[in-house]
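Inspection log for the structure reproduced underneath, given as structure tokens.
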Amino acid sequence: MPRFSVIVPAYKVQAYLSECLDSVLSQSYPDLELIAVDDCSPDACGAIIDEYAARDARVRPVHLAENRGLGRARNAGMAEATGDYLVFLDSDDTLTPDALRAIADRIKESGEPDVLVYDYARTYWDGRAVRNQLTAPLTEQGPAPFRLEDRPGLLRVLMVAWNKACRREFVEDNGFAFPPGYYEDTPWTFPVLMTAESIATLDRVCVHYRQRRQGSILGTTSRKHFDLFEQYERVFAYVEERPELAHWRRDLFRRMIDHYATVFTRRGRLPRGSHGAFLRRARAHYRRYRVPGTRMRRRNILVRFGLHRTFRALQLSSAGCRRTLKTVAGLVRAVRTGVLRLHYRIQLRLPVRADRAVFASGAGRGHGGDPGALEEAFRAHVPHIRTAWITRPQHQHTVPPGPRRLRPGTAAYWTALARSKYLVTDDVLDGRLRKRRGQVMIQTRQGTPLKHMGLDLQERPAAARGTDFAELLRGVDQWDLVLSGNRHSTLVWERALPGRYTTLEYGAPRNDALQRATPADVTRLRESLGVPEGAVAILYAPTFRDHRRTQSPLLDLERIARRLGPRFVILARPHPTRGGPLGTGTRIIDVGDHPSVQSLCLASDALLTDYSSIMFDYAVLDRPIVVHTGDWEAYRAARGTYFDLRAFPPGAVARSEDELIDIFATGHWRGSRSAQLRAAFRERFCPYDDGRAAERVVRHVVLGGAGLPPVVPLAERSPVPSACARSPLATVEQPSGYLPVTERR
């Protein structure tokens, strides 16, 4: 008897069905049966199901003689189910990798509950993925399992069948079944949750809920949306038959009226001319099921009175108010913009102040990077110069005491740009900036370049993405000084970003912190991140793929962590332009929002990356680096690179996920060959990173080179060792015997 019966009803989804079935059969937890129900679909769904059944014995096809609808198709699947738990999946949705393993683990941890509720993310046709916003009820705080009375907030989670795993015996004992019609999930999920003696939650995205551009059932204009009234009648009939559930009437009433208001106000659902009839039926239900004293949302009060025309009038009035407010707001913005432009022009006529310096990183992100290190060096070595940091409101907490905080677009911001002598950035300060005679603009860039940059992107349309190269060069013409960490960077910048600037080949100021750190700093940082004592922390930091429409992870971090065992943890750092976690699990720590990359480098024992420039910074620490080059040819063809990373790597190179696991499992990641490669890499790319790069820049720019510190040779540097470097580390015992197909790829 399998652990899971995954029931997939299919009707007119031939374009999505294979992806759905693949997402189930490729799960790392193979103890399942897949019951695929062909609901007499007129397209190729039935043939696709039969093809999968011929290839995999776990697929059990069910062909219905006539179309019965989604609910009854699910019932047909349940009649064939033999698994311990029922998992429903719509045929245009998909399970996320390792979802069933996570569900199975949580079921075991929580003592075989009647129902397990898990999370989902909406995936859009344009590649976007947005996680469910109401995740608070799914947090694992408090006892588990529990009853609905203990956490009634669970009713706010989307009431559908496909975000729950239900114990089959519990379903059969209570005779739960899906009714016909639209909104068939409503009279299933409410009774299931109210009746369950034990419920558990899993705060993990297990389902990708496809938002189809066209063709979804609930997005279709039809009178079938009137089925919603019968579905709620079934819910209240269930409660009336069971007096012990009477206390749920208030919550059900509130959810029902809110659901009616949502359907009524959602454009494209109700046919033209049917809104009045819909609201009259909603009004009848309001009177029939009303619980005195129930507090309602403002829009739901209109359902009580069935005021169709009043509702529409208020909608039109509200829309008119919004348009008026939008117009007024636009006029206010235009006036404000005009006043600020005038203010800026006035400031440009006033003298430049030699005791002022303005800094910014990443077009308004928090304090950090090379500009952050230089700002600290300005305060330390030339304290007579007052510094200011440009940052957006959400990042102001990252700015340390000392520099003045400037918000982009304010009068103070334009005053600083017009009158400060020193302007320091690693990006574009402002496209409207007019650099004056007497001002010094320092461009720090954002790391050593591996991928093509600047004018070298003219032949790379996928990477250039409509870059205005003329505008780019106008910005370059404003630069006075460009920082470089090595000869490679100097040659690239002067060719790819040609200008009249002077290159300062002094090292990367942001890496000074890596040289100055102590073992106590490493310990403190690991504790703050939650790295267990004695664990090997791998920092995973992939780069952005210009040639891919979606930036889905190329590595299965959960599988890697599982294969390496409890001694290893992974600090997952997605690229800033990607967003979203790279993986979940007890040994995967999401550090995507951590403000300091240098702190993450110090806390880790090894770096795992692909083509990110973080490898050049990490080499300063002289710690192991492993490079994953599974899509090297595609990446190099789309973006272009300045050298072959596989021929001159900073450490061990893995061309597949299995090779990567083997490198860490056998200890090659920190072997002698890895050390040799790293030494050659450091010699080429880290010649000046001795902890005093920022001081050299400040002394050159402000003090005319007075007291310029000499560069400490590589052989004489002593970067802080990693935590695991102070203790012996055995290799990881590899599993033997049978492995699932997904573990032998």
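For the structure tokens, the naming scheme is as follows: chains receive sequential letters (A, B, ...) according to their order of presentation, residues are indexed from 1 within each chain, and ligands are indexed from 1 in presentation order.
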Sel. of strand (DSSP E) residues, region 393-520 of chain A, as a list in words: Arg404, Arg405, Leu406, Ser420, Lys421, Tyr422, Leu423, Val424, Thr425, Val440, Met441, Ile442, Gln443, Leu481, Val482, Leu483, Ser484, Thr502, Thr503, Leu504 and Glu505 of chain A
Give me the residues near Leu228 (chain A) as a PDB file with C-alpha atoms, in the first residue's frame, where near means some atom within 12 Å (using only C-alpha atoms) and where sequence neighbours in that chain fewer than 2 positions away do not count.
ATOM      1  CA  PRO A 179     -20.295  17.713  -5.143  1.00  0.00           C
ATOM      2  CA  PRO A 180     -20.933  18.678  -8.773  1.00  0.00           C
ATOM      3  CA  GLY A 181     -20.652  22.211 -10.088  1.00  0.00           C
ATOM      4  CA  TYR A 182     -18.276  25.138  -9.726  1.00  0.00           C
ATOM      5  CA  TYR A 183     -16.602  25.866  -6.369  1.00  0.00           C
ATOM      6  CA  GLU A 184     -16.712  22.174  -5.460  1.00  0.00           C
ATOM      7  CA  ASP A 185     -13.817  22.694  -3.020  1.00  0.00           C
ATOM      8  CA  THR A 186     -16.018  24.766  -0.678  1.00  0.00           C
ATOM      9  CA  PRO A 187     -18.263  21.965   0.721  1.00  0.00           C
ATOM     10  CA  LEU A 218     -13.153  30.377 -12.450  1.00  0.00           C
ATOM     11  CA  ARG A 223     -23.950  31.515 -14.897  1.00  0.00           C
ATOM     12  CA  LYS A 224     -22.205  28.466 -13.431  1.00  0.00           C
ATOM     13  CA  HIS A 225     -20.842  30.885 -10.833  1.00  0.00           C
ATOM     14  CA  PHE A 226     -24.338  30.729  -9.313  1.00  0.00           C
ATOM     15  CA  GLU A 230     -25.654  25.596  -3.567  1.00  0.00           C
ATOM     16  CA  GLN A 231     -22.154  24.845  -2.326  1.00  0.00           C
ATOM     17  CA  TYR A 232     -22.614  27.011   0.768  1.00  0.00           C
ATOM     18  CA  GLU A 233     -26.047  25.500   1.319  1.00  0.00           C
ATOM     19  CA  ARG A 234     -24.281  22.138   1.515  1.00  0.00           C
ATOM     20  CA  VAL A 235     -21.775  23.533   4.040  1.00  0.00           C
ATOM     21  CA  MET A 256     -19.623  33.066   2.723  1.00  0.00           C
ATOM     22  CA  ILE A 257     -20.619  36.726   2.405  1.00  0.00           C
ATOM     23  CA  HIS A 259     -16.912  35.044  -1.057  1.00  0.00           C
ATOM     24  CA  TYR A 260     -20.171  36.312  -2.607  1.00  0.00           C
ATOM     25  CA  ALA A 261     -18.887  39.876  -2.649  1.00  0.00           C
ATOM     26  CA  THR A 262     -15.652  38.731  -4.303  1.00  0.00           C
ATOM     27  CA  VAL A 263     -17.444  36.897  -7.096  1.00  0.00           C
ATOM     28  CA  PHE A 264     -19.854  39.797  -7.580  1.00  0.00           C
ATOM     29  CA  LEU A 270     -20.929  36.985 -14.026  1.00  0.00           C
ATOM     30  CA  PHE A 278     -26.802  37.125  -8.080  1.00  0.00           C
ATOM     31  CA  ARG A 281     -29.712  35.348  -3.981  1.00  0.00           C
ATOM     32  CA  ALA A 282     -26.797  36.537  -1.874  1.00  0.00           C
ATOM     33  CA  HIS A 285     -28.539  33.735   2.063  1.00  0.00           C
TER      34      HIS A 285
END
Residues of region 40-94 of chain A that have any atom at most 8 Å from an atom of region 3-24 of chain A: could you tabulate them with the shortest-distance atom pair and the distance in Å to one decimal, using only C-alpha atoms, ordered by chain and increasing number, as JSON lines?
{"residue": "A:Cys40", "atom": "CA", "partner": "A:Tyr11", "partner_atom": "CA", "distance": 7.1}
{"residue": "A:Ser41", "atom": "CA", "partner": "A:Tyr11", "partner_atom": "CA", "distance": 4.7}
{"residue": "A:Pro42", "atom": "CA", "partner": "A:Lys12", "partner_atom": "CA", "distance": 6.8}
{"residue": "A:Asp43", "atom": "CA", "partner": "A:Lys12", "partner_atom": "CA", "distance": 5.9}
{"residue": "A:Ala44", "atom": "CA", "partner": "A:Gln14", "partner_atom": "CA", "distance": 5.8}
{"residue": "A:Cys45", "atom": "CA", "partner": "A:Gln14", "partner_atom": "CA", "distance": 5.1}
{"residue": "A:Ile48", "atom": "CA", "partner": "A:Ser18", "partner_atom": "CA", "distance": 7.3}
{"residue": "A:Leu70", "atom": "CA", "partner": "A:Pro9", "partner_atom": "CA", "distance": 6.6}
{"residue": "A:Ala73", "atom": "CA", "partner": "A:Pro9", "partner_atom": "CA", "distance": 5.8}
{"residue": "A:Arg74", "atom": "CA", "partner": "A:Pro9", "partner_atom": "CA", "distance": 6.1}
{"residue": "A:Gly77", "atom": "CA", "partner": "A:Ile7", "partner_atom": "CA", "distance": 5.8}
{"residue": "A:Met78", "atom": "CA", "partner": "A:Ile7", "partner_atom": "CA", "distance": 7.3}
{"residue": "A:Ala81", "atom": "CA", "partner": "A:Ser5", "partner_atom": "CA", "distance": 5.8}
{"residue": "A:Thr82", "atom": "CA", "partner": "A:Ser5", "partner_atom": "CA", "distance": 6.7}
{"residue": "A:Gly83", "atom": "CA", "partner": "A:Phe4", "partner_atom": "CA", "distance": 4.7}
{"residue": "A:Asp84", "atom": "CA", "partner": "A:Arg3", "partner_atom": "CA", "distance": 4.9}
{"residue": "A:Tyr85", "atom": "CA", "partner": "A:Phe4", "partner_atom": "CA", "distance": 4.9}
{"residue": "A:Leu86", "atom": "CA", "partner": "A:Ser5", "partner_atom": "CA", "distance": 5.0}
{"residue": "A:Val87", "atom": "CA", "partner": "A:Val6", "partner_atom": "CA", "distance": 4.7}
{"residue": "A:Phe88", "atom": "CA", "partner": "A:Ile7", "partner_atom": "CA", "distance": 4.9}
{"residue": "A:Leu89", "atom": "CA", "partner": "A:Val8", "partner_atom": "CA", "distance": 5.2}
{"residue": "A:Asp90", "atom": "CA", "partner": "A:Val8", "partner_atom": "CA", "distance": 5.7}
{"residue": "A:Ser91", "atom": "CA", "partner": "A:Leu17", "partner_atom": "CA", "distance": 5.5}
{"residue": "A:Asp92", "atom": "CA", "partner": "A:Tyr16", "partner_atom": "CA", "distance": 5.1}
{"residue": "A:Asp93", "atom": "CA", "partner": "A:Cys20", "partner_atom": "CA", "distance": 5.9}
{"residue": "A:Thr94", "atom": "CA", "partner": "A:Cys20", "partner_atom": "CA", "distance": 4.8}
Keeping only N, CA and C atoms, write those residues as a compact mmCIF listing (two decimals), in the first residue's frame.
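As written to disk, part_8.txt reads:
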# COMPACT_ATOMS: atom_id res chain seq x y z
N CYS A 40 -13.36 12.34 -19.61
CA CYS A 40 -13.91 12.34 -20.97
C CYS A 40 -13.48 13.60 -21.72
N SER A 41 -12.18 13.87 -21.64
CA SER A 41 -11.64 15.08 -22.25
C SER A 41 -11.61 14.94 -23.77
N PRO A 42 -12.05 15.96 -24.51
CA PRO A 42 -12.08 15.85 -25.97
C PRO A 42 -10.72 16.01 -26.64
N ASP A 43 -9.70 16.41 -25.88
CA ASP A 43 -8.37 16.58 -26.47
C ASP A 43 -7.53 15.33 -26.20
N ALA A 44 -6.22 15.49 -26.13
CA ALA A 44 -5.32 14.34 -26.02
C ALA A 44 -5.02 13.92 -24.59
N CYS A 45 -5.77 14.41 -23.61
CA CYS A 45 -5.47 14.09 -22.21
C CYS A 45 -5.50 12.58 -21.96
N ILE A 48 -2.39 10.91 -23.37
CA ILE A 48 -1.20 11.25 -22.58
C ILE A 48 -1.17 10.42 -21.31
N LEU A 70 -15.07 18.51 -12.34
CA LEU A 70 -13.88 18.34 -11.51
C LEU A 70 -14.17 17.56 -10.23
N ALA A 73 -14.91 13.86 -10.89
CA ALA A 73 -13.69 13.20 -11.36
C ALA A 73 -12.77 12.89 -10.18
N ARG A 74 -12.68 13.80 -9.22
CA ARG A 74 -11.91 13.52 -8.02
C ARG A 74 -12.50 12.35 -7.25
N GLY A 77 -11.41 9.21 -8.71
CA GLY A 77 -10.04 8.91 -8.33
C GLY A 77 -9.95 8.38 -6.92
N MET A 78 -10.74 8.95 -5.99
CA MET A 78 -10.72 8.48 -4.60
C MET A 78 -11.20 7.04 -4.50
N ALA A 81 -8.28 4.84 -4.93
CA ALA A 81 -7.10 5.12 -4.11
C ALA A 81 -6.87 4.04 -3.06
N THR A 82 -5.61 3.71 -2.85
CA THR A 82 -5.22 2.75 -1.81
C THR A 82 -4.16 3.31 -0.87
N GLY A 83 -3.72 4.55 -1.08
CA GLY A 83 -2.65 5.13 -0.28
C GLY A 83 -3.10 5.53 1.11
N ASP A 84 -2.13 5.75 1.99
CA ASP A 84 -2.44 6.21 3.34
C ASP A 84 -3.04 7.61 3.31
N TYR A 85 -2.52 8.46 2.42
CA TYR A 85 -2.97 9.86 2.36
C TYR A 85 -3.38 10.20 0.93
N LEU A 86 -4.41 11.00 0.83
CA LEU A 86 -4.89 11.50 -0.45
C LEU A 86 -4.30 12.88 -0.71
N VAL A 87 -3.72 13.05 -1.88
CA VAL A 87 -3.18 14.34 -2.31
C VAL A 87 -3.84 14.69 -3.63
N PHE A 88 -4.53 15.82 -3.67
CA PHE A 88 -5.19 16.27 -4.90
C PHE A 88 -4.31 17.29 -5.60
N LEU A 89 -4.26 17.18 -6.92
CA LEU A 89 -3.47 18.11 -7.72
C LEU A 89 -4.23 18.40 -9.00
N ASP A 90 -4.50 19.66 -9.27
CA ASP A 90 -5.14 20.02 -10.53
C ASP A 90 -4.17 19.82 -11.68
N SER A 91 -4.70 19.46 -12.83
CA SER A 91 -3.84 18.99 -13.92
C SER A 91 -3.06 20.09 -14.62
N ASP A 92 -3.30 21.36 -14.29
CA ASP A 92 -2.45 22.41 -14.83
C ASP A 92 -1.49 22.96 -13.78
N ASP A 93 -1.49 22.37 -12.59
CA ASP A 93 -0.57 22.77 -11.53
C ASP A 93 0.55 21.75 -11.41
N THR A 94 1.54 22.02 -10.59
CA THR A 94 2.67 21.10 -10.41
C THR A 94 3.08 21.03 -8.95
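Proximity ranking of A:Glu459, A:Glu695, A:Glu657, A:Asp355 relative to Ile560 (chain A) places A:Glu657 first, based on only C-alpha atoms.
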Counting only C-alpha atoms, which residues of region 613-717 of chain A fall within 8 Å of region 477-499 of chain A, and what is the closest atom pair for each with its distance in Å at one decimal, ordered by chain and rising number, as JSON lines?
{"residue": "A:Arg684", "atom": "CA", "partner": "A:Asn486", "partner_atom": "CA", "distance": 7.4}
{"residue": "A:Phe685", "atom": "CA", "partner": "A:Asn486", "partner_atom": "CA", "distance": 5.5}
{"residue": "A:Cys686", "atom": "CA", "partner": "A:Asn486", "partner_atom": "CA", "distance": 6.6}
{"residue": "A:Pro687", "atom": "CA", "partner": "A:Asn486", "partner_atom": "CA", "distance": 6.5}
{"residue": "A:Tyr688", "atom": "CA", "partner": "A:Gly485", "partner_atom": "CA", "distance": 6.6}
{"residue": "A:Asp689", "atom": "CA", "partner": "A:Gly485", "partner_atom": "CA", "distance": 7.4}
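The space between CA of Asp605 (chain A) and CA of Cys724 (chain A) spans 6.4 Å.
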Skip Leu660 (chain A) itself and residues of its chain fewer than 4 positions away, then list as a PDB file with N, CA, C and O atoms, in the first residue's frame all residues within 9 Å of it, counting only C-alpha atoms.
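In the end it all went to part-v8.pdb:
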ATOM      1  N   ILE A 560      21.089  18.065  -2.258  1.00  0.00           N
ATOM      2  CA  ILE A 560      22.514  18.144  -1.917  1.00  0.00           C
ATOM      3  C   ILE A 560      22.717  18.044  -0.411  1.00  0.00           C
ATOM      4  O   ILE A 560      23.568  17.291   0.079  1.00  0.00           O
ATOM      5  N   VAL A 626      34.259  26.034  -4.839  1.00  0.00           N
ATOM      6  CA  VAL A 626      33.822  25.015  -5.797  1.00  0.00           C
ATOM      7  C   VAL A 626      32.934  25.703  -6.825  1.00  0.00           C
ATOM      8  O   VAL A 626      32.020  26.453  -6.467  1.00  0.00           O
ATOM      9  N   VAL A 627      33.189  25.440  -8.094  1.00  0.00           N
ATOM     10  CA  VAL A 627      32.464  26.089  -9.181  1.00  0.00           C
ATOM     11  C   VAL A 627      31.605  25.060  -9.904  1.00  0.00           C
ATOM     12  O   VAL A 627      32.098  24.007 -10.314  1.00  0.00           O
ATOM     13  N   HIS A 628      30.316  25.381 -10.051  1.00  0.00           N
ATOM     14  CA  HIS A 628      29.397  24.513 -10.790  1.00  0.00           C
ATOM     15  C   HIS A 628      29.196  25.104 -12.181  1.00  0.00           C
ATOM     16  O   HIS A 628      28.711  26.228 -12.327  1.00  0.00           O
ATOM     17  N   ALA A 652      37.918  23.360  -7.218  1.00  0.00           N
ATOM     18  CA  ALA A 652      37.334  22.210  -7.897  1.00  0.00           C
ATOM     19  C   ALA A 652      36.169  22.644  -8.782  1.00  0.00           C
ATOM     20  O   ALA A 652      35.418  23.553  -8.444  1.00  0.00           O
ATOM     21  N   VAL A 653      36.005  21.959  -9.925  1.00  0.00           N
ATOM     22  CA  VAL A 653      34.959  22.275 -10.889  1.00  0.00           C
ATOM     23  C   VAL A 653      34.016  21.085 -11.002  1.00  0.00           C
ATOM     24  O   VAL A 653      34.454  19.947 -11.201  1.00  0.00           O
ATOM     25  N   ALA A 654      32.717  21.350 -10.871  1.00  0.00           N
ATOM     26  CA  ALA A 654      31.694  20.314 -11.023  1.00  0.00           C
ATOM     27  C   ALA A 654      30.861  20.627 -12.246  1.00  0.00           C
ATOM     28  O   ALA A 654      30.366  21.749 -12.400  1.00  0.00           O
ATOM     29  N   ARG A 655      30.695  19.647 -13.115  1.00  0.00           N
ATOM     30  CA  ARG A 655      29.902  19.844 -14.325  1.00  0.00           C
ATOM     31  C   ARG A 655      28.476  19.328 -14.183  1.00  0.00           C
ATOM     32  O   ARG A 655      27.670  19.483 -15.098  1.00  0.00           O
ATOM     33  N   SER A 656      28.173  18.710 -13.057  1.00  0.00           N
ATOM     34  CA  SER A 656      26.819  18.223 -12.800  1.00  0.00           C
ATOM     35  C   SER A 656      26.570  18.248 -11.302  1.00  0.00           C
ATOM     36  O   SER A 656      27.500  18.406 -10.491  1.00  0.00           O
ATOM     37  N   PHE A 664      32.210  17.382  -2.531  1.00  0.00           N
ATOM     38  CA  PHE A 664      32.110  17.665  -1.098  1.00  0.00           C
ATOM     39  C   PHE A 664      32.147  16.391  -0.264  1.00  0.00           C
ATOM     40  O   PHE A 664      32.723  16.368   0.825  1.00  0.00           O
ATOM     41  N   ALA A 665      31.534  15.325  -0.761  1.00  0.00           N
ATOM     42  CA  ALA A 665      31.456  14.094   0.017  1.00  0.00           C
ATOM     43  C   ALA A 665      32.826  13.437   0.199  1.00  0.00           C
ATOM     44  O   ALA A 665      33.112  12.848   1.241  1.00  0.00           O
TER      45      ALA A 665
END
Go through region 367-485 of chain A and collect every residue that DSSP, computed from the backbone, puts in helix (DSSP H, G or I); the answer should be as a PyMOL selection string. chain A and resi 369-381+393-398+411-419+454-459+461-464+469-476
Let me see the file: selected residues, N, CA and C atoms, as a short mmCIF file (atom, residue, chain, number, x, y, z; two decimals), in the first residue's frame.
data_model
loop_
_atom_site.label_atom_id
_atom_site.label_comp_id
_atom_site.auth_asym_id
_atom_site.auth_seq_id
_atom_site.Cartn_x
_atom_site.Cartn_y
_atom_site.Cartn_z
N GLY A 369 29.30 47.50 0.24
CA GLY A 369 30.10 47.46 -0.97
C GLY A 369 31.34 48.34 -0.86
N ASP A 370 31.94 48.62 -2.01
CA ASP A 370 33.12 49.49 -2.04
C ASP A 370 32.81 50.90 -1.56
N PRO A 371 31.67 51.51 -1.96
CA PRO A 371 31.36 52.84 -1.43
C PRO A 371 31.24 52.85 0.09
N GLY A 372 30.67 51.79 0.67
CA GLY A 372 30.55 51.73 2.13
C GLY A 372 31.91 51.69 2.80
N ALA A 373 32.83 50.89 2.25
CA ALA A 373 34.17 50.82 2.82
C ALA A 373 34.90 52.16 2.67
N LEU A 374 34.71 52.84 1.54
CA LEU A 374 35.35 54.13 1.35
C LEU A 374 34.76 55.20 2.27
N GLU A 375 33.44 55.12 2.50
CA GLU A 375 32.83 56.09 3.41
C GLU A 375 33.43 55.96 4.81
N GLU A 376 33.62 54.73 5.27
CA GLU A 376 34.24 54.52 6.58
C GLU A 376 35.68 55.02 6.57
N ALA A 377 36.39 54.80 5.46
CA ALA A 377 37.78 55.26 5.38
C ALA A 377 37.86 56.79 5.36
N PHE A 378 36.91 57.45 4.73
CA PHE A 378 36.87 58.92 4.75
C PHE A 378 36.75 59.41 6.19
N ARG A 379 35.85 58.80 6.95
CA ARG A 379 35.66 59.25 8.34
C ARG A 379 36.87 58.94 9.20
N ALA A 380 37.60 57.87 8.86
CA ALA A 380 38.75 57.48 9.68
C ALA A 380 40.00 58.29 9.35
N HIS A 381 40.24 58.57 8.06
CA HIS A 381 41.52 59.17 7.65
C HIS A 381 41.41 60.65 7.29
N PRO A 393 14.27 54.69 1.74
CA PRO A 393 13.79 54.58 3.13
C PRO A 393 13.90 53.17 3.70
N GLN A 394 13.63 52.14 2.92
CA GLN A 394 13.63 50.78 3.45
C GLN A 394 15.03 50.27 3.79
N HIS A 395 16.07 51.01 3.37
CA HIS A 395 17.44 50.58 3.67
C HIS A 395 18.16 51.51 4.64
N GLN A 396 17.48 52.51 5.16
CA GLN A 396 18.17 53.49 6.01
C GLN A 396 18.70 52.88 7.31
N HIS A 397 18.09 51.76 7.74
CA HIS A 397 18.57 51.14 8.98
C HIS A 397 19.97 50.55 8.82
N THR A 398 20.43 50.36 7.58
CA THR A 398 21.77 49.79 7.37
C THR A 398 22.88 50.83 7.48
N ALA A 411 15.13 67.76 -1.41
CA ALA A 411 15.93 68.97 -1.61
C ALA A 411 17.35 68.77 -1.08
N ALA A 412 17.48 68.10 0.07
CA ALA A 412 18.81 67.85 0.63
C ALA A 412 19.63 66.97 -0.30
N TYR A 413 18.98 66.02 -0.95
CA TYR A 413 19.65 65.14 -1.91
C TYR A 413 20.24 65.95 -3.06
N TRP A 414 19.43 66.84 -3.65
CA TRP A 414 19.92 67.63 -4.78
C TRP A 414 20.97 68.64 -4.35
N THR A 415 20.85 69.15 -3.14
CA THR A 415 21.88 70.06 -2.63
C THR A 415 23.21 69.33 -2.52
N ALA A 416 23.18 68.10 -1.98
CA ALA A 416 24.41 67.33 -1.82
C ALA A 416 25.05 67.01 -3.16
N LEU A 417 24.23 66.61 -4.15
CA LEU A 417 24.79 66.28 -5.46
C LEU A 417 25.37 67.52 -6.14
N ALA A 418 24.79 68.68 -5.90
CA ALA A 418 25.25 69.90 -6.57
C ALA A 418 26.50 70.49 -5.94
N ARG A 419 26.69 70.29 -4.61
CA ARG A 419 27.73 71.06 -3.94
C ARG A 419 28.82 70.21 -3.29
N GLY A 454 29.71 46.56 -20.38
CA GLY A 454 29.86 47.78 -21.17
C GLY A 454 29.66 47.57 -22.66
N LEU A 455 30.57 48.15 -23.45
CA LEU A 455 30.44 48.08 -24.91
C LEU A 455 30.60 46.66 -25.43
N ASP A 456 31.18 45.77 -24.64
CA ASP A 456 31.32 44.38 -25.08
C ASP A 456 29.97 43.67 -25.19
N LEU A 457 28.91 44.30 -24.65
CA LEU A 457 27.58 43.70 -24.72
C LEU A 457 26.84 44.05 -26.01
N GLN A 458 27.45 44.86 -26.85
CA GLN A 458 26.75 45.28 -28.07
C GLN A 458 26.40 44.10 -28.97
N GLU A 459 27.18 43.04 -28.89
CA GLU A 459 26.91 41.85 -29.69
C GLU A 459 26.21 40.77 -28.88
N PRO A 461 22.68 40.62 -27.42
CA PRO A 461 21.37 41.24 -27.20
C PRO A 461 20.62 40.69 -26.00
N ALA A 462 20.78 39.40 -25.70
CA ALA A 462 20.07 38.83 -24.56
C ALA A 462 20.55 39.45 -23.26
N ALA A 463 21.85 39.75 -23.19
CA ALA A 463 22.40 40.34 -21.98
C ALA A 463 22.24 41.85 -21.96
N ALA A 464 22.31 42.49 -23.14
CA ALA A 464 22.22 43.95 -23.18
C ALA A 464 20.83 44.44 -22.82
N PHE A 469 23.56 52.49 -25.05
CA PHE A 469 25.01 52.61 -24.95
C PHE A 469 25.47 54.06 -25.02
N ALA A 470 24.74 54.91 -25.73
CA ALA A 470 25.10 56.33 -25.76
C ALA A 470 24.94 56.93 -24.37
N GLU A 471 23.84 56.59 -23.70
CA GLU A 471 23.62 57.08 -22.34
C GLU A 471 24.67 56.52 -21.39
N LEU A 472 25.05 55.26 -21.60
CA LEU A 472 26.09 54.65 -20.78
C LEU A 472 27.40 55.42 -20.90
N LEU A 473 27.78 55.78 -22.10
CA LEU A 473 29.03 56.51 -22.31
C LEU A 473 28.95 57.93 -21.78
N ARG A 474 27.76 58.55 -21.80
CA ARG A 474 27.62 59.88 -21.19
C ARG A 474 27.90 59.80 -19.69
N GLY A 475 27.47 58.71 -19.07
CA GLY A 475 27.79 58.53 -17.66
C GLY A 475 29.27 58.29 -17.44
N VAL A 476 29.90 57.52 -18.32
CA VAL A 476 31.34 57.25 -18.20
C VAL A 476 32.14 58.55 -18.31
#
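CA of Arg392 (chain A) is found 17.9 Å from CA of Thr337 (chain A).
With only C-alpha atoms as the atoms that count, the minimum distance from Phe643 (chain A) to the choices A:Pro449, A:Gly338, A:Pro2, A:Pro408 is reached by A:Pro449.
Going from CA of Arg562 (chain A) to CA of Asp658 (chain A) covers 12.6 Å.
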So which residues touch Ala144 (chain A) within 6 Å, counting only C-alpha atoms, skipping near sequence neighbours fewer than 2 positions away, as a list in words? Ser110, Phe146 and Ala200 of chain A
Residues at most 12 Å from Ala679 (chain A), counting only C-alpha atoms, excluding those fewer than 5 positions away in the same chain, as a VMD selection string? chain A and resid 619 to 625 648 to 651 672 to 674 684 to 687 714 to 715
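In this comparison, which uses only C-alpha atoms, the residue of A:Arg682, A:His700, A:Arg670, A:Arg587 approaching Leu607 (chain A) most closely is A:Arg670.
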